[in-house]
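File shown: entry-v3.txt (compact mmCIF, C-alpha atoms).
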# COMPACT_ATOMS: atom_id res chain seq x y z
CA MET A 1 -12.05 -39.97 -5.45
CA ARG A 2 -8.83 -38.21 -6.45
CA ASN A 3 -10.75 -35.52 -8.38
CA LYS A 4 -12.98 -34.93 -5.40
CA LEU A 5 -9.99 -34.44 -3.09
CA LEU A 6 -8.37 -32.12 -5.61
CA LYS A 7 -11.53 -30.01 -5.83
CA ILE A 8 -11.76 -29.80 -2.03
CA ALA A 9 -8.10 -28.79 -1.78
CA MET A 10 -8.57 -26.11 -4.45
CA GLY A 11 -11.65 -24.77 -2.68
CA ILE A 12 -9.82 -24.51 0.62
CA SER A 13 -6.88 -22.78 -1.07
CA CYS A 14 -9.15 -20.22 -2.72
CA ALA A 15 -11.00 -19.58 0.53
CA ALA A 16 -7.70 -19.10 2.37
CA MET A 17 -6.42 -16.66 -0.26
CA PHE A 18 -9.63 -14.65 -0.12
CA SER A 19 -9.62 -14.41 3.66
CA VAL A 20 -5.94 -13.36 3.76
CA SER A 21 -6.56 -10.76 1.06
CA HIS A 22 -9.65 -9.49 2.86
CA ALA A 23 -7.76 -9.25 6.16
CA ASP A 24 -5.00 -7.20 4.54
CA VAL A 25 -7.49 -4.75 3.01
CA ALA A 26 -9.13 -4.46 6.43
CA THR A 27 -5.73 -3.62 7.95
CA MET A 28 -5.07 -1.07 5.22
CA ASN A 29 -8.41 0.61 5.81
CA LYS A 30 -7.88 0.61 9.57
CA TYR A 31 -4.68 2.66 9.30
CA TYR A 32 -5.94 4.74 6.38
CA ASN A 33 -9.14 5.78 8.16
CA ASN A 34 -7.69 6.13 11.65
CA PRO A 35 -3.95 6.93 11.67
CA LYS A 36 -3.95 7.03 15.49
CA LEU A 37 -4.14 3.22 15.44
CA ALA A 38 -0.87 2.84 13.55
CA PRO A 39 2.19 1.73 15.50
CA LYS A 40 4.47 4.63 16.27
CA ILE A 41 7.93 4.66 14.77
CA LYS A 42 10.69 6.93 15.97
CA ARG A 43 11.53 8.33 12.53
CA CYS A 44 8.05 9.85 12.20
CA ASN A 45 8.58 12.07 15.28
CA SER A 46 5.03 11.56 16.62
CA ASN A 47 3.45 12.44 13.26
CA GLN A 48 0.42 10.14 13.17
CA ASP A 49 -0.01 10.44 9.41
CA CYS A 50 3.61 9.41 8.87
CA ASN A 51 3.12 6.43 11.23
CA ALA A 52 0.02 5.41 9.27
CA PHE A 53 1.88 5.71 5.97
CA TYR A 54 4.68 3.49 7.28
CA ALA A 55 2.15 0.91 8.51
CA LEU A 56 0.42 1.00 5.13
CA SER A 57 3.74 0.52 3.33
CA LYS A 58 4.07 -2.86 5.05
CA GLN A 59 0.87 -3.97 3.28
CA TRP A 60 2.12 -3.35 -0.28
CA LYS A 61 2.19 -7.02 -1.23
CA SER A 62 -1.59 -7.12 -0.77
CA VAL A 63 -2.10 -4.63 -3.60
CA PRO A 64 -3.38 -6.47 -6.69
CA ASN A 65 -1.02 -6.73 -9.65
CA CYS A 66 -3.57 -4.76 -11.68
CA PHE A 67 -6.45 -2.67 -10.38
CA LYS A 68 -8.97 -0.33 -11.93
CA THR A 69 -8.58 3.40 -11.41
CA ALA A 70 -10.60 6.37 -12.62
CA TYR A 71 -8.15 6.51 -15.53
CA GLY A 72 -8.42 2.82 -16.44
CA PRO A 73 -6.43 -0.26 -15.47
CA ASP A 74 -3.21 0.23 -13.52
CA CYS A 75 -0.75 -2.63 -13.84
CA GLU A 76 2.48 -0.76 -13.06
CA THR A 77 2.05 0.51 -9.50
CA LYS A 78 2.84 -2.75 -7.72
CA LYS A 79 5.85 -3.36 -9.98
CA GLN A 80 7.18 0.11 -9.22
CA ALA A 81 6.72 -0.53 -5.50
CA LYS A 82 8.61 -3.82 -5.80
CA ASP A 83 11.40 -1.99 -7.65
CA GLY A 84 11.51 0.75 -4.98
CA ASP A 85 10.69 3.43 -7.57
CA GLY A 86 9.43 6.18 -5.26
CA TYR A 87 10.35 8.81 -7.84
CA GLY A 88 8.25 7.18 -10.57
CA LEU A 89 5.22 6.87 -8.31
CA TRP A 90 5.57 10.32 -6.76
CA LYS A 91 6.24 12.37 -9.93
CA GLY A 92 2.74 11.79 -11.24
CA ALA A 93 0.99 11.61 -7.88
CA SER A 94 -2.67 12.39 -8.19
CA PHE A 95 -5.14 11.39 -5.52
CA ASN A 96 -8.92 11.66 -5.41
CA ASN A 97 -9.01 11.85 -1.62
CA ASP A 98 -7.45 14.45 0.66
CA ARG A 99 -6.64 11.68 3.15
CA SER A 100 -4.35 10.00 0.60
CA SER A 101 -2.61 13.29 -0.19
CA THR A 102 -2.11 14.07 3.50
CA LEU A 103 -0.59 10.66 4.24
CA ALA A 104 1.71 10.81 1.20
CA SER A 105 2.88 14.35 1.98
CA SER A 106 3.68 13.52 5.59
CA ALA A 107 5.79 10.57 4.47
CA GLU A 108 7.57 12.45 1.68
CA GLU A 109 9.47 14.50 4.25
CA VAL A 110 10.76 11.37 6.01
CA PHE A 111 11.07 8.67 3.34
CA TYR A 112 11.71 10.56 0.10
CA LYS A 113 13.13 14.00 0.95
CA GLY A 114 12.76 15.39 -2.55
CA GLY A 115 14.70 12.45 -3.97
CA SER A 116 17.66 12.61 -1.59
CA ALA A 117 16.59 9.73 0.67
CA SER A 118 18.42 6.40 0.78
CA LYS A 119 17.35 3.55 -1.51
CA ALA A 120 15.81 1.76 1.49
CA ASP A 121 13.75 4.81 2.41
CA GLU A 122 12.68 5.37 -1.20
CA ARG A 123 11.49 1.74 -1.25
CA ILE A 124 9.33 2.37 1.84
CA PHE A 125 7.96 5.47 0.13
CA ALA A 126 7.18 3.55 -3.08
CA GLU A 127 5.49 0.73 -1.17
CA GLY A 128 3.33 3.17 0.80
CA LEU A 129 2.37 5.08 -2.34
CA ALA A 130 1.30 1.84 -4.03
CA VAL A 131 -1.06 1.12 -1.15
CA LEU A 132 -2.42 4.67 -1.21
CA TYR A 133 -3.06 4.51 -4.97
CA TYR A 134 -4.91 1.23 -4.50
CA LEU A 135 -7.01 2.49 -1.58
CA ASP A 136 -7.65 5.80 -3.30
CA SER A 137 -8.97 3.95 -6.35
CA LYS A 138 -11.42 2.03 -4.15
CA LYS A 139 -12.85 5.07 -2.34

Any chance you could give the structure as structure tokens?
Amino acid sequence: MRNKLLKIAMGISCAAMFSVSHADVATMNKYYNNPKLAPKIKRCNSNQDCNAFYALSKQWKSVPNCFKTAYGPDCETKKQAKDGDGYGLWKGASFNNDRSSTLASSAEEVFYKGGSASKADERIFAEGLAVLYYLDSKK
């Protein structure tokens, strides 16, 4: 009886994790594919791509710890986002999709400023880049 309850509990936990993960990817894709849907923030000065980047940055925890890219497995991006390492993620920025490049470039002016942004802003930039790298690898 105890084993059966444990198996049921594990099944429910796995199903809940999958649905949360799926919902977050759906949110990422919503803002990535249609920046007009992103909430507007004052700092972006009506720049829809910047708003979308900021909304995407809030989804960084949904990025897998390791994900496959065209270059092989990437297990550092999420760690760099967690550390707020916008410089490390930006210095080697290479995207397969113009959409990713456009979103990153619009945010660079607000949240990175060539490396002169505050630590808090650089963290937002790193988190957004992590999401873009993940989405870009899936496209």

Could you tell me which of A:Glu109, A:Val25, A:Asp74, A:Phe53 comes closest to Ala38 in chain A if we count all atoms listed in the file?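 Smallest separation from Ala38 in chain A among the options: A:Phe53.
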
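Proximity to Thr27 in chain A was assessed for A:Val131, A:Ala104, A:Val63, A:Leu56 counting only C-alpha atoms; the smallest distance is recorded for A:Leu56.
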
A:Asp98, A:Glu108, A:Asn65, A:Leu103 ranked by distance to Ala52 in chain A, top pick (using all atoms listed in the file): A:Leu103

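In this model, the gap between CA of Lys68 in chain A and CA of Lys138 in chain A comes to 8.5 Å.
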
Length of the CA of Phe111 in chain A to CA of Gly72 in chain A vector [Å]: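 We find that CA of Phe111 in chain A and CA of Gly72 in chain A lie 28.4 Å from each other.
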
Between A:Tyr112, A:Phe125, A:Phe95, A:Tyr32, which residue has the minimum interatomic distance to Thr69 in chain A, considering all atoms listed in the file?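 Among the listed residues, the smallest separation from Thr69 in chain A belongs to A:Phe95.
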
Return the single residue from A:Tyr31, A:Tyr134, A:Tyr54, A:Trp60 that is closest to Ala81 in chain A, with distances computed using all atoms listed in the file.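 Among the listed residues, A:Trp60 lies closest to Ala81 in chain A.
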
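Between Pro73 in chain A and the candidates A:Ser137, A:Met28, A:Ser116, A:Gly92, the tightest atom-to-atom separation, counting all atoms listed in the file, involves A:Ser137.
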
Would you mind listing what lies within 12 Å of Lys78 in chain A as a PyMOL selection string, with only C-alpha atoms counted and same-chain residues fewer than 3 positions away left out? chain A and resi 57+59-67+74-75+81-86+88-89+123+126-134

Which distance in Å separates CA of Asp121 in chain A and CA of Ala107 in chain A, to one decimal? 10.0 Å
